[in-house]
>>> print(open('start_33.cif').read())   # mmCIF, C-alpha atoms
data_work
loop_
_atom_site.label_atom_id
_atom_site.label_comp_id
_atom_site.auth_asym_id
_atom_site.auth_seq_id
_atom_site.Cartn_x
_atom_site.Cartn_y
_atom_site.Cartn_z
CA MET A 70 111.48 91.57 72.15
CA LEU A 71 110.02 95.06 72.38
CA PRO A 72 112.14 98.06 71.40
CA SER A 73 113.88 99.78 74.31
CA TYR A 74 112.28 102.82 75.94
CA LEU A 75 115.26 104.73 74.54
CA GLU A 76 113.74 104.37 71.09
CA ASP A 77 110.68 106.40 72.06
CA THR A 78 112.01 109.81 71.06
CA ASP A 79 108.80 111.74 70.40
CA LEU A 80 108.02 112.64 74.00
CA SER A 81 107.39 116.38 73.87
CA SER A 82 103.61 116.10 73.39
CA ILE A 83 102.96 113.91 76.46
CA LYS A 84 100.36 115.48 78.78
CA LEU A 85 99.55 112.59 81.11
CA VAL A 86 101.74 109.92 82.74
CA ALA A 87 99.79 106.94 84.12
CA THR A 88 101.35 104.10 86.04
CA ASP A 89 100.20 100.88 87.59
CA MET A 90 101.40 100.32 91.15
CA ASP A 91 102.34 96.74 92.07
CA LEU A 92 105.34 95.36 90.17
CA THR A 93 105.34 98.50 88.01
CA LEU A 94 105.97 101.64 90.06
CA LEU A 95 106.53 99.72 93.29
CA ALA A 96 109.44 97.38 93.88
CA ASP A 97 108.88 93.72 94.64
CA ASP A 98 108.81 94.53 98.37
CA LYS A 99 105.97 97.07 97.77
CA SER A 100 108.27 100.02 98.46
CA MET A 101 107.92 103.30 96.59
CA PRO A 102 110.96 104.18 94.47
CA GLU A 103 113.23 106.81 95.96
CA GLY A 104 112.66 110.13 94.25
CA ILE A 105 109.01 109.66 93.25
CA ASP A 106 107.94 112.93 94.91
CA GLU A 107 110.52 114.91 92.98
CA ARG A 108 109.38 113.29 89.70
CA ILE A 109 105.73 114.13 90.34
CA ASP A 110 106.76 117.71 91.14
CA ALA A 111 108.73 117.87 87.89
CA VAL A 112 105.97 116.60 85.59
CA THR A 113 103.41 118.84 87.30
CA GLU A 114 105.68 121.85 86.85
CA HIS A 115 105.68 121.18 83.12
CA GLY A 116 101.89 120.86 82.89
CA ILE A 117 101.86 117.06 82.75
CA VAL A 118 99.33 115.23 84.94
CA PHE A 119 100.60 112.31 87.00
CA CYS A 120 98.12 109.43 87.44
CA ALA A 121 98.12 106.26 89.52
CA ALA A 122 96.08 103.63 87.65
CA SER A 123 95.51 100.61 89.83
CA GLY A 124 93.21 97.89 91.01
CA ARG A 125 93.64 99.42 94.45
CA PRO A 126 90.84 101.61 95.84
CA ALA A 127 91.21 105.38 95.90
CA LEU A 128 91.74 105.57 99.68
CA ALA A 129 94.83 103.36 99.49
CA LEU A 130 96.14 105.32 96.52
CA ARG A 131 95.63 108.66 98.25
CA GLN A 132 97.55 107.34 101.24
CA SER A 133 100.35 106.20 98.92
CA PHE A 134 100.79 109.76 97.65
CA PRO A 135 100.26 111.93 100.73
CA ARG A 136 102.02 114.97 99.25
CA HIS A 137 100.45 114.85 95.82
CA HIS A 138 97.00 113.25 95.75
CA ALA A 139 95.32 116.68 95.67
CA ASN A 140 97.27 117.59 92.51
CA MET A 141 97.20 114.32 90.55
CA ALA A 142 94.75 111.88 88.99
CA ILE A 143 93.67 108.47 90.26
CA VAL A 144 92.13 105.68 88.19
CA ALA A 145 91.09 103.36 91.03
CA ASP A 146 89.45 99.95 91.22
CA ASN A 147 90.59 99.06 87.69
CA GLY A 148 88.72 102.02 86.23
CA ALA A 149 85.52 101.74 88.27
CA SER A 150 86.22 105.11 89.88
CA VAL A 151 88.23 108.04 88.54
CA TYR A 152 89.42 111.11 90.43
CA LEU A 153 91.14 114.30 89.36
CA ARG A 154 92.70 116.42 92.09
CA ASP A 155 90.59 114.57 94.68
CA GLU A 156 87.35 115.26 92.78
CA LEU A 157 85.35 112.19 91.78
CA ILE A 158 84.71 112.54 88.04
CA TYR A 159 83.37 109.04 87.31
CA ARG A 160 82.08 106.01 89.19
CA ASP A 161 80.43 102.75 88.24
CA LEU A 162 78.15 100.49 90.31
CA LEU A 163 77.67 96.73 90.27
CA ASP A 164 74.21 95.22 90.38
CA LYS A 165 73.66 94.15 93.98
CA GLY A 166 72.09 90.83 93.08
CA LEU A 167 75.03 90.02 90.85
CA TYR A 168 77.68 90.87 93.42
CA HIS A 169 75.85 88.68 95.94
CA GLU A 170 75.93 85.83 93.41
CA VAL A 171 79.70 86.12 92.95
CA LEU A 172 80.34 86.36 96.68
CA ALA A 173 78.15 83.32 97.37
CA ARG A 174 79.97 81.32 94.70
CA CYS A 175 83.30 82.10 96.30
CA VAL A 176 82.11 81.33 99.83
CA ASP A 177 80.51 78.05 98.75
CA SER A 178 83.68 77.00 96.90
CA GLY A 179 85.78 77.22 100.04
CA ARG A 180 88.61 78.73 97.97
CA GLY A 181 89.73 82.32 98.03
CA ILE A 182 89.09 85.31 100.26
CA PRO A 183 86.31 87.49 98.80
CA VAL A 184 86.39 91.26 99.24
CA LEU A 185 83.42 93.48 98.40
CA CYS A 186 84.82 96.86 97.39
CA ALA A 187 82.66 99.86 98.24
CA PHE A 188 84.88 102.76 97.14
CA ASP A 189 86.80 103.81 100.28
CA ASP A 190 85.44 100.86 102.29
CA ALA A 191 85.76 97.10 101.92
CA TYR A 192 83.79 94.22 103.40
CA VAL A 193 85.48 90.96 104.35
CA LEU A 194 84.21 87.89 106.19
CA GLU A 195 85.18 87.59 109.84
CA ARG A 196 86.45 84.08 109.06
CA ASP A 197 89.09 85.68 106.80
CA ARG A 198 90.46 88.18 109.31
CA LYS A 199 93.63 86.07 109.48
CA HIS A 200 94.51 87.34 106.00
CA GLU A 201 94.42 90.99 107.05
CA ASP A 202 98.20 91.25 106.67
CA VAL A 203 97.73 90.86 102.90
CA VAL A 204 94.26 92.29 102.33
CA GLY A 205 95.10 95.34 104.47
CA ILE A 206 97.90 96.33 102.08
CA TYR A 207 95.26 97.21 99.49
CA TYR A 208 92.12 97.93 101.53
CA ARG A 209 92.76 100.38 104.37
CA SER A 210 89.20 100.59 105.71
CA ILE A 211 87.90 97.05 106.28
CA THR A 212 84.59 96.10 107.88
CA TYR A 213 84.42 92.46 108.96
CA VAL A 214 81.03 90.75 108.70
CA ASP A 215 79.81 87.29 109.63
CA SER A 216 77.99 86.99 106.31
CA PHE A 217 77.61 88.98 103.11
CA ASP A 218 73.93 88.08 102.89
CA GLU A 219 72.47 91.23 104.45
CA LEU A 220 74.82 93.72 102.81
CA ASP A 221 73.10 96.44 100.78
CA VAL A 222 75.90 98.84 99.85
CA ASP A 223 77.06 100.55 96.67
CA SER A 224 79.94 98.53 95.24
CA ASN A 225 82.09 99.02 92.17
CA LYS A 226 84.31 95.94 92.32
CA ILE A 227 84.69 92.47 93.81
CA SER A 228 88.16 91.10 94.47
CA ILE A 229 89.12 87.58 95.46
CA TYR A 230 92.50 86.89 97.04
CA PHE A 231 93.95 83.44 96.35
CA PRO A 232 96.70 82.55 98.85
CA GLY A 233 97.77 79.74 96.51
CA TRP A 234 98.64 82.34 93.86
CA ASP A 235 96.43 80.59 91.31
CA SER A 236 94.11 83.41 90.25
CA LYS A 237 94.46 82.61 86.53
CA LYS A 238 93.50 78.97 87.08
CA ASN A 239 90.41 80.02 89.04
CA LEU A 240 89.53 82.58 86.40
CA ASP A 241 89.71 80.04 83.58
CA GLU A 242 88.13 77.08 85.33
CA VAL A 243 85.56 78.57 87.71
CA TYR A 244 84.67 82.22 87.33
CA ALA A 245 84.91 82.95 83.60
CA PRO A 246 82.49 80.10 82.75
CA ALA A 247 80.05 81.30 85.42
CA PHE A 248 80.30 85.08 85.07
CA GLY A 249 82.29 85.90 81.94
CA THR A 250 79.24 87.02 79.95
CA ARG A 251 77.97 89.28 82.71
CA LEU A 252 81.09 90.79 84.25
CA TYR A 253 84.59 91.81 83.19
CA LEU A 254 87.08 89.57 84.98
CA THR A 255 90.82 90.16 85.15
CA CYS A 256 93.79 88.90 87.12
CA ALA A 257 95.64 91.52 89.14
CA GLY A 258 98.82 89.52 89.53
CA ASN A 259 98.89 85.83 90.40
CA GLU A 260 97.03 86.23 93.68
CA TRP A 261 94.05 88.49 92.91
CA LEU A 262 91.02 88.15 90.66
CA ASP A 263 88.89 91.26 90.08
CA PHE A 264 85.28 91.59 88.86
CA MET A 265 83.83 94.79 87.37
CA ASN A 266 80.97 95.55 85.04
CA ILE A 267 81.59 94.72 81.40
CA GLY A 268 83.34 97.64 79.76
CA ILE A 269 84.97 98.78 83.01
CA ASN A 270 88.75 98.50 83.07
CA LYS A 271 91.83 100.70 83.25
CA GLY A 272 91.34 101.59 79.60
CA SER A 273 87.80 102.88 80.13
CA GLY A 274 89.00 104.77 83.20
CA MET A 275 91.72 106.37 81.11
CA ARG A 276 89.16 107.40 78.49
CA HIS A 277 87.02 109.14 81.13
CA LEU A 278 90.09 110.93 82.46
CA VAL A 279 91.42 112.22 79.14
CA GLU A 280 87.93 113.34 78.11
CA HIS A 281 87.67 115.34 81.32
CA LEU A 282 91.13 116.81 80.77
CA GLY A 283 90.45 117.55 77.12
CA ILE A 284 93.54 115.72 75.86
CA ASP A 285 94.15 112.88 73.41
CA LEU A 286 95.03 109.29 74.25
CA ALA A 287 97.94 109.69 71.82
CA ASP A 288 99.50 112.09 74.34
CA VAL A 289 99.39 109.63 77.24
CA ALA A 290 102.32 107.57 78.53
CA ALA A 291 101.30 104.47 80.51
CA PHE A 292 103.25 101.79 82.38
CA GLY A 293 102.10 98.28 83.31
CA ASP A 294 103.15 94.71 83.94
CA THR A 295 100.17 92.35 83.93
CA TYR A 296 96.69 91.43 82.68
CA ASN A 297 94.66 94.25 84.21
CA ASP A 298 96.99 96.80 82.59
CA ILE A 299 96.31 95.56 79.05
CA PRO A 300 93.20 97.69 78.32
CA MET A 301 95.17 100.80 79.27
CA LEU A 302 98.36 99.88 77.43
CA ASP A 303 96.43 99.00 74.29
CA ILE A 304 94.94 102.47 73.79
CA VAL A 305 97.59 105.03 74.75
CA GLY A 306 100.16 106.60 72.48
CA HIS A 307 103.20 105.71 74.59
CA SER A 308 102.80 102.28 76.22
CA TYR A 309 105.65 100.86 78.31
CA VAL A 310 105.77 97.26 79.47
CA MET A 311 108.02 96.75 82.46
CA GLY A 312 111.16 94.68 82.04
CA ASN A 313 109.98 92.33 84.79
CA ALA A 314 106.66 91.57 83.02
CA ALA A 315 105.89 88.17 81.52
CA GLU A 316 106.68 87.93 77.82
CA HIS A 317 103.01 87.69 76.80
CA MET A 318 102.68 91.34 77.87
CA HIS A 319 105.02 92.44 75.10
CA ALA A 320 102.12 92.18 72.65
CA HIS A 321 100.45 95.07 74.49
CA GLY A 322 103.21 97.64 74.61
CA LYS A 323 105.27 99.75 72.23
CA PHE A 324 108.40 99.93 74.37
CA LEU A 325 110.18 98.01 77.12
CA ALA A 326 111.00 99.96 80.29
CA PRO A 327 113.57 98.94 82.91
CA THR A 328 112.25 96.69 85.68
CA ASN A 329 110.27 97.84 88.69
CA ASN A 330 113.23 97.09 90.97
CA GLU A 331 115.35 99.41 88.81
CA ALA A 332 112.79 102.24 89.19
CA GLY A 333 112.01 101.91 85.50
CA VAL A 334 109.02 104.26 85.64
CA LEU A 335 111.17 107.04 87.06
CA THR A 336 113.82 106.45 84.40
CA VAL A 337 111.28 107.08 81.65
CA ILE A 338 109.69 110.00 83.49
CA ASP A 339 113.09 111.68 83.56
CA ARG A 340 113.20 111.48 79.76
CA ILE A 341 109.65 112.86 79.49
CA VAL A 342 110.53 115.81 81.75
CA GLU A 343 113.70 116.50 79.76
CA ALA A 344 111.68 116.54 76.52
CA ALA A 345 109.17 118.97 78.07
CA LYS A 346 111.80 121.57 78.93
#
>>> encode(input="start_33.cif", output="structure tokens")
Amino acid sequence: MLPSYLEDTDLSSIKLVATDMDLTLLADDKSMPEGIDERIDAVTEHGIVFCAASGRPALALRQSFPRHHANMAIVADNGASVYLRDELIYRDLLDKGLYHEVLARCVDSGRGIPVLCAFDDAYVLERDRKHEDVVGIYYRSITYVDSFDELDVDSNKISIYFPGWDSKKNLDEVYAPAFGTRLYLTCAGNEWLDFMNIGINKGSGMRHLVEHLGIDLADVAAFGDTYNDIPMLDIVGHSYVMGNAAEHMHAHGKFLAPTNNEAGVLTVIDRIVEAAK
């Protein structure tokens, strides 16, 4: 068992607070914890940058923080795009032939709902419109197409939604053997599988952000709960695994935070703000 968050007492040097969204900052029902705006105001007042680090695209993240997106950082698409105060400071692009190969593999398999992520836009097959209630939570600007074949757009990520909640099984049995040497693959929860270029992840996104800010990774606090958070948790000075995370995640954190449904991120932020006074 990881030490409690209460045992992290050296908080005064923290300059950046980065949090995953689903099952970390957000409750199980996807709701934002009450008091998040006041916490972002408090860290900003003390010169600490607040960052949402997520597999979600930047548009969805900006809409999640309507009061603060212009004064915070965003590591979107699992690190494939990074923004500071609404300025794009880094982006990565997939090879078009390679993203077509992944999409074709998914379509031919008959399993999963493929999404081609093109920064603020997403492309989904018309046949999969029936899943808009789920896909639309994460991708707010969706263009439905009859086929991916003719698409020629800049893309930084592919996501596949598995309604059977078996993303890890599909990763291990289908997609890692086919693409694991050419792309970085990671599960974003049990229902999503994400594909980025090798070397692109939340950790690389965090490195681009701290370099731009001129701060050290040792002075970053990060929160996460699942596989795609590991590259970020592994490199920061203050890594918090959520109390609701699977036990295998404990190997990638220094401290255990309260659960997402207990607003665990806010609980730790309160301690960081108190230390900054």
>>> residues_around(input="start_33.cif", residues="A:Thr295", least_positions_apart="6", cutoff="8 Å", atoms="only C-alpha atoms", output="MDAnalysis selection string")
chainID A and resid 256:258 314:315 318
>>> closest_residue(input="start_33.cif", among="A:Met70, A:Leu80, A:Val193, A:Val214", to="A:Ala287", atoms="only C-alpha atoms")
A:Leu80
>>> residues_near_point(input="start_33.cif", point="(97.2, 97.8, 80.7)", cutoff="9 Å", atoms="all atoms listed in the file", output="list in words")
Asp89, Asn270, Lys271, Gly272, Ala291, Phe292, Gly293, Asp294, Thr295, Tyr296, Asn297, Asp298, Ile299, Pro300, Met301, Leu302, Asp303, Ile304, Ser308, Val310, Met318, His321 and Gly322 of chain A
>>> closest_residue(input="start_33.cif", among="A:Arg160, A:Arg174, A:Lys346, A:Arg136", to="A:Ala111", atoms="only C-alpha atoms")
A:Lys346
>>> atom_distance(input="start_33.cif", atom1="atom CA of A:Val151", atom2="atom CA of A:Lys323")
25.0 Å
>>> closest_residue(input="start_33.cif", among="A:Gly233, A:Arg196, A:Met141, A:Phe324", to="A:Asp215", atoms="only C-alpha atoms")
A:Arg196
>>> residues_around(input="start_33.cif", residues="A:Leu95", least_positions_apart="5", cutoff="8 Å", atoms="only C-alpha atoms", output="tab-separated table (two decimals) with C-alpha atoms, keeping the file's coordinate frame")
chain	number	residue	atom	x	y	z
A	90	MET	CA	101.40	100.32	91.15
A	100	SER	CA	108.27	100.02	98.46
A	101	MET	CA	107.92	103.30	96.59
A	102	PRO	CA	110.96	104.18	94.47
A	329	ASN	CA	110.27	97.84	88.69
A	330	ASN	CA	113.23	97.09	90.97
A	332	ALA	CA	112.79	102.24	89.19
>>> closest_atom_pairs(input="start_33.cif", of="stretch 130-191 of chain A", to="stretch 250-253 of chain A", cutoff="12 Å", atoms="all atoms listed in the file", output="CSV")
residue,atom,partner,partner_atom,distance
A:Asn147,CA,A:Tyr253,CA,10.4
A:Gly148,CA,A:Tyr253,CA,11.4
A:Ala149,CA,A:Tyr253,CA,11.2
A:Leu162,CA,A:Leu252,CA,11.8
A:Leu163,CA,A:Leu252,CA,9.1
A:Asp164,CA,A:Leu252,CA,10.2
A:Leu167,CA,A:Arg251,CA,8.7
A:Tyr168,CA,A:Leu252,CA,9.8
A:Glu170,CA,A:Arg251,CA,11.4
A:Val171,CA,A:Leu252,CA,10.0
>>> write_last_selection(input="start_33.cif", atoms="C-alpha atoms", output="short mmCIF file (atom, residue, chain, number, x, y, z; two decimals), keeping the file's coordinate frame")
data_model
loop_
_atom_site.label_atom_id
_atom_site.label_comp_id
_atom_site.auth_asym_id
_atom_site.auth_seq_id
_atom_site.Cartn_x
_atom_site.Cartn_y
_atom_site.Cartn_z
CA ASN A 147 90.59 99.06 87.69
CA GLY A 148 88.72 102.02 86.23
CA ALA A 149 85.52 101.74 88.27
CA LEU A 162 78.15 100.49 90.31
CA LEU A 163 77.67 96.73 90.27
CA ASP A 164 74.21 95.22 90.38
CA LEU A 167 75.03 90.02 90.85
CA TYR A 168 77.68 90.87 93.42
CA GLU A 170 75.93 85.83 93.41
CA VAL A 171 79.70 86.12 92.95
#
>>> atom_distance(input="start_33.cif", atom1="atom CA of A:Leu75", atom2="atom CA of A:Asp97")
23.8 Å
>>> axis_aligned_box(input="start_33.cif", around="stretch 264-278 of chain A", padding_each_side="6 Å", output="JSON")
{"center_x": 86.4, "center_y": 101.3, "center_z": 83.7, "size_x": 22.9, "size_y": 31.3, "size_z": 22.4}
>>> closest_residue(input="start_33.cif", among="A:Ala122, A:Leu153, A:Val305, A:Ile158", to="A:His137", atoms="only C-alpha atoms")
A:Leu153
>>> residues_near_point(input="start_33.cif", point="(74.8, 89.0, 106.8)", cutoff="12 Å", atoms="all atoms listed in the file", output="compact mmCIF listing (two decimals) with C-alpha atoms, in the coordinates of the input")
# COMPACT_ATOMS: atom_id res chain seq x y z
CA HIS A 169 75.85 88.68 95.94
CA LEU A 172 80.34 86.36 96.68
CA ALA A 173 78.15 83.32 97.37
CA TYR A 192 83.79 94.22 103.40
CA VAL A 193 85.48 90.96 104.35
CA LEU A 194 84.21 87.89 106.19
CA GLU A 195 85.18 87.59 109.84
CA TYR A 213 84.42 92.46 108.96
CA VAL A 214 81.03 90.75 108.70
CA ASP A 215 79.81 87.29 109.63
CA SER A 216 77.99 86.99 106.31
CA PHE A 217 77.61 88.98 103.11
CA ASP A 218 73.93 88.08 102.89
CA GLU A 219 72.47 91.23 104.45
CA LEU A 220 74.82 93.72 102.81
CA ASP A 221 73.10 96.44 100.78
>>> resolve_selection(input="start_33.cif", expression="the PyMOL selection byres ((chain A and resi 134) around 12)", output="number ranges by chain")
A: 90, 101, 105-107, 109-110, 119-121, 127-133, 135-143, 154-155
>>> residues_around(input="start_33.cif", residues="A:Asp241", least_positions_apart="5", cutoff="12 Å", atoms="all atoms listed in the file", output="ChimeraX atom specification")
/A:235-236,246-249,254-256,262
>>> residues_around(input="start_33.cif", residues="stretch 201-211 of chain A", least_positions_apart="5", cutoff="6 Å", atoms="only C-alpha atoms", output="JSON, numbers by chain")
{"A": [125, 190, 191, 192]}
>>> atom_distance(input="start_33.cif", atom1="atom CA of A:Glu331", atom2="atom CA of A:Leu92")
10.9 Å
>>> residues_around(input="start_33.cif", residues="A:Val118", least_positions_apart="4", cutoff="8 Å", atoms="only C-alpha atoms", output="PDB file with C-alpha atoms, in the coordinates of the input")
ATOM      1  CA  LYS A  84     100.360 115.480  78.780  1.00  0.00           C
ATOM      2  CA  LEU A  85      99.550 112.590  81.110  1.00  0.00           C
ATOM      3  CA  VAL A  86     101.740 109.920  82.740  1.00  0.00           C
ATOM      4  CA  VAL A 112     105.970 116.600  85.590  1.00  0.00           C
ATOM      5  CA  THR A 113     103.410 118.840  87.300  1.00  0.00           C
ATOM      6  CA  MET A 141      97.200 114.320  90.550  1.00  0.00           C
ATOM      7  CA  ALA A 142      94.750 111.880  88.990  1.00  0.00           C
TER       8      ALA A 142
END
>>> resolve_selection(input="start_33.cif", expression="the PyMOL selection byres ((chain A and resi 281) around 12)", output="count of residues only")
21
>>> closest_residue(input="start_33.cif", among="A:Ile267, A:Leu240, A:Val334, A:Ala145", to="A:Asp189", atoms="only C-alpha atoms")
A:Ala145
>>> decode(input="start_33.cif", residues="stretch 271-301 of chain A", atoms="N, CA and C atoms", output="PDB file, in the first residue's frame")
ATOM      1  N   LYS A 271       1.451  11.250 -21.891  1.00  0.00           N
ATOM      2  CA  LYS A 271       1.274  12.355 -20.943  1.00  0.00           C
ATOM      3  C   LYS A 271       2.609  12.793 -20.337  1.00  0.00           C
ATOM      4  N   GLY A 272       3.540  11.870 -20.222  1.00  0.00           N
ATOM      5  CA  GLY A 272       4.854  12.227 -19.710  1.00  0.00           C
ATOM      6  C   GLY A 272       5.597  13.158 -20.654  1.00  0.00           C
ATOM      7  N   SER A 273       5.587  12.851 -21.944  1.00  0.00           N
ATOM      8  CA  SER A 273       6.265  13.720 -22.910  1.00  0.00           C
ATOM      9  C   SER A 273       5.581  15.075 -22.971  1.00  0.00           C
ATOM     10  N   GLY A 274       4.243  15.077 -22.888  1.00  0.00           N
ATOM     11  CA  GLY A 274       3.517  16.342 -22.862  1.00  0.00           C
ATOM     12  C   GLY A 274       3.906  17.188 -21.662  1.00  0.00           C
ATOM     13  N   MET A 275       4.076  16.517 -20.513  1.00  0.00           N
ATOM     14  CA  MET A 275       4.483  17.235 -19.314  1.00  0.00           C
ATOM     15  C   MET A 275       5.887  17.811 -19.471  1.00  0.00           C
ATOM     16  N   ARG A 276       6.772  17.069 -20.125  1.00  0.00           N
ATOM     17  CA  ARG A 276       8.134  17.579 -20.347  1.00  0.00           C
ATOM     18  C   ARG A 276       8.114  18.845 -21.213  1.00  0.00           C
ATOM     19  N   HIS A 277       7.300  18.833 -22.275  1.00  0.00           N
ATOM     20  CA  HIS A 277       7.202  20.029 -23.121  1.00  0.00           C
ATOM     21  C   HIS A 277       6.667  21.213 -22.312  1.00  0.00           C
ATOM     22  N   LEU A 278       5.705  20.952 -21.447  1.00  0.00           N
ATOM     23  CA  LEU A 278       5.099  22.032 -20.671  1.00  0.00           C
ATOM     24  C   LEU A 278       6.079  22.620 -19.668  1.00  0.00           C
ATOM     25  N   VAL A 279       6.763  21.782 -18.911  1.00  0.00           N
ATOM     26  CA  VAL A 279       7.678  22.328 -17.898  1.00  0.00           C
ATOM     27  C   VAL A 279       8.864  23.041 -18.555  1.00  0.00           C
ATOM     28  N   GLU A 280       9.301  22.541 -19.702  1.00  0.00           N
ATOM     29  CA  GLU A 280      10.386  23.225 -20.418  1.00  0.00           C
ATOM     30  C   GLU A 280       9.944  24.624 -20.827  1.00  0.00           C
ATOM     31  N   HIS A 281       8.711  24.727 -21.312  1.00  0.00           N
ATOM     32  CA  HIS A 281       8.184  26.025 -21.717  1.00  0.00           C
ATOM     33  C   HIS A 281       8.046  26.956 -20.517  1.00  0.00           C
ATOM     34  N   LEU A 282       7.652  26.407 -19.384  1.00  0.00           N
ATOM     35  CA  LEU A 282       7.464  27.198 -18.171  1.00  0.00           C
ATOM     36  C   LEU A 282       8.789  27.519 -17.477  1.00  0.00           C
ATOM     37  N   GLY A 283       9.816  26.740 -17.794  1.00  0.00           N
ATOM     38  CA  GLY A 283      11.094  26.930 -17.129  1.00  0.00           C
ATOM     39  C   GLY A 283      11.116  26.433 -15.701  1.00  0.00           C
ATOM     40  N   ILE A 284      10.409  25.334 -15.432  1.00  0.00           N
ATOM     41  CA  ILE A 284      10.380  24.745 -14.099  1.00  0.00           C
ATOM     42  C   ILE A 284      10.874  23.305 -14.171  1.00  0.00           C
ATOM     43  N   ASP A 285      11.075  22.700 -13.016  1.00  0.00           N
ATOM     44  CA  ASP A 285      11.570  21.330 -12.940  1.00  0.00           C
ATOM     45  C   ASP A 285      10.427  20.339 -12.724  1.00  0.00           C
ATOM     46  N   LEU A 286      10.601  19.139 -13.260  1.00  0.00           N
ATOM     47  CA  LEU A 286       9.615  18.080 -13.025  1.00  0.00           C
ATOM     48  C   LEU A 286       9.491  17.754 -11.541  1.00  0.00           C
ATOM     49  N   ALA A 287      10.559  17.976 -10.787  1.00  0.00           N
ATOM     50  CA  ALA A 287      10.517  17.723  -9.343  1.00  0.00           C
ATOM     51  C   ALA A 287       9.497  18.601  -8.645  1.00  0.00           C
ATOM     52  N   ASP A 288       9.123  19.713  -9.269  1.00  0.00           N
ATOM     53  CA  ASP A 288       8.199  20.666  -8.661  1.00  0.00           C
ATOM     54  C   ASP A 288       6.797  20.555  -9.243  1.00  0.00           C
ATOM     55  N   VAL A 289       6.481  19.368  -9.767  1.00  0.00           N
ATOM     56  CA  VAL A 289       5.162  19.093 -10.337  1.00  0.00           C
ATOM     57  C   VAL A 289       4.430  18.081  -9.467  1.00  0.00           C
ATOM     58  N   ALA A 290       3.157  18.355  -9.193  1.00  0.00           N
ATOM     59  CA  ALA A 290       2.267  17.382  -8.559  1.00  0.00           C
ATOM     60  C   ALA A 290       1.306  16.875  -9.624  1.00  0.00           C
ATOM     61  N   ALA A 291       1.157  15.546  -9.738  1.00  0.00           N
ATOM     62  CA  ALA A 291       0.293  14.966 -10.762  1.00  0.00           C
ATOM     63  C   ALA A 291      -0.593  13.894 -10.148  1.00  0.00           C
ATOM     64  N   PHE A 292      -1.807  13.783 -10.680  1.00  0.00           N
ATOM     65  CA  PHE A 292      -2.812  12.844 -10.196  1.00  0.00           C
ATOM     66  C   PHE A 292      -3.281  11.958 -11.349  1.00  0.00           C
ATOM     67  N   GLY A 293      -3.433  10.657 -11.087  1.00  0.00           N
ATOM     68  CA  GLY A 293      -3.920   9.757 -12.127  1.00  0.00           C
ATOM     69  C   GLY A 293      -4.474   8.476 -11.555  1.00  0.00           C
ATOM     70  N   ASP A 294      -5.110   7.689 -12.439  1.00  0.00           N
ATOM     71  CA  ASP A 294      -5.760   6.462 -11.971  1.00  0.00           C
ATOM     72  C   ASP A 294      -5.537   5.253 -12.857  1.00  0.00           C
ATOM     73  N   THR A 295      -5.018   5.431 -14.088  1.00  0.00           N
ATOM     74  CA  THR A 295      -4.966   4.278 -14.977  1.00  0.00           C
ATOM     75  C   THR A 295      -3.766   4.345 -15.921  1.00  0.00           C
ATOM     76  N   TYR A 296      -3.734   3.389 -16.873  1.00  0.00           N
ATOM     77  CA  TYR A 296      -2.555   3.147 -17.703  1.00  0.00           C
ATOM     78  C   TYR A 296      -1.993   4.393 -18.370  1.00  0.00           C
ATOM     79  N   ASN A 297      -2.854   5.201 -18.992  1.00  0.00           N
ATOM     80  CA  ASN A 297      -2.313   6.332 -19.752  1.00  0.00           C
ATOM     81  C   ASN A 297      -1.763   7.445 -18.858  1.00  0.00           C
ATOM     82  N   ASP A 298      -1.957   7.324 -17.545  1.00  0.00           N
ATOM     83  CA  ASP A 298      -1.367   8.284 -16.610  1.00  0.00           C
ATOM     84  C   ASP A 298       0.051   7.892 -16.183  1.00  0.00           C
ATOM     85  N   ILE A 299       0.440   6.652 -16.425  1.00  0.00           N
ATOM     86  CA  ILE A 299       1.715   6.141 -15.913  1.00  0.00           C
ATOM     87  C   ILE A 299       2.914   6.969 -16.368  1.00  0.00           C
ATOM     88  N   PRO A 300       3.037   7.312 -17.668  1.00  0.00           N
ATOM     89  CA  PRO A 300       4.228   8.076 -18.073  1.00  0.00           C
ATOM     90  C   PRO A 300       4.350   9.422 -17.372  1.00  0.00           C
ATOM     91  N   MET A 301       3.231  10.013 -16.995  1.00  0.00           N
ATOM     92  CA  MET A 301       3.253  11.273 -16.258  1.00  0.00           C
ATOM     93  C   MET A 301       3.597  11.039 -14.786  1.00  0.00           C
TER      94      MET A 301
END
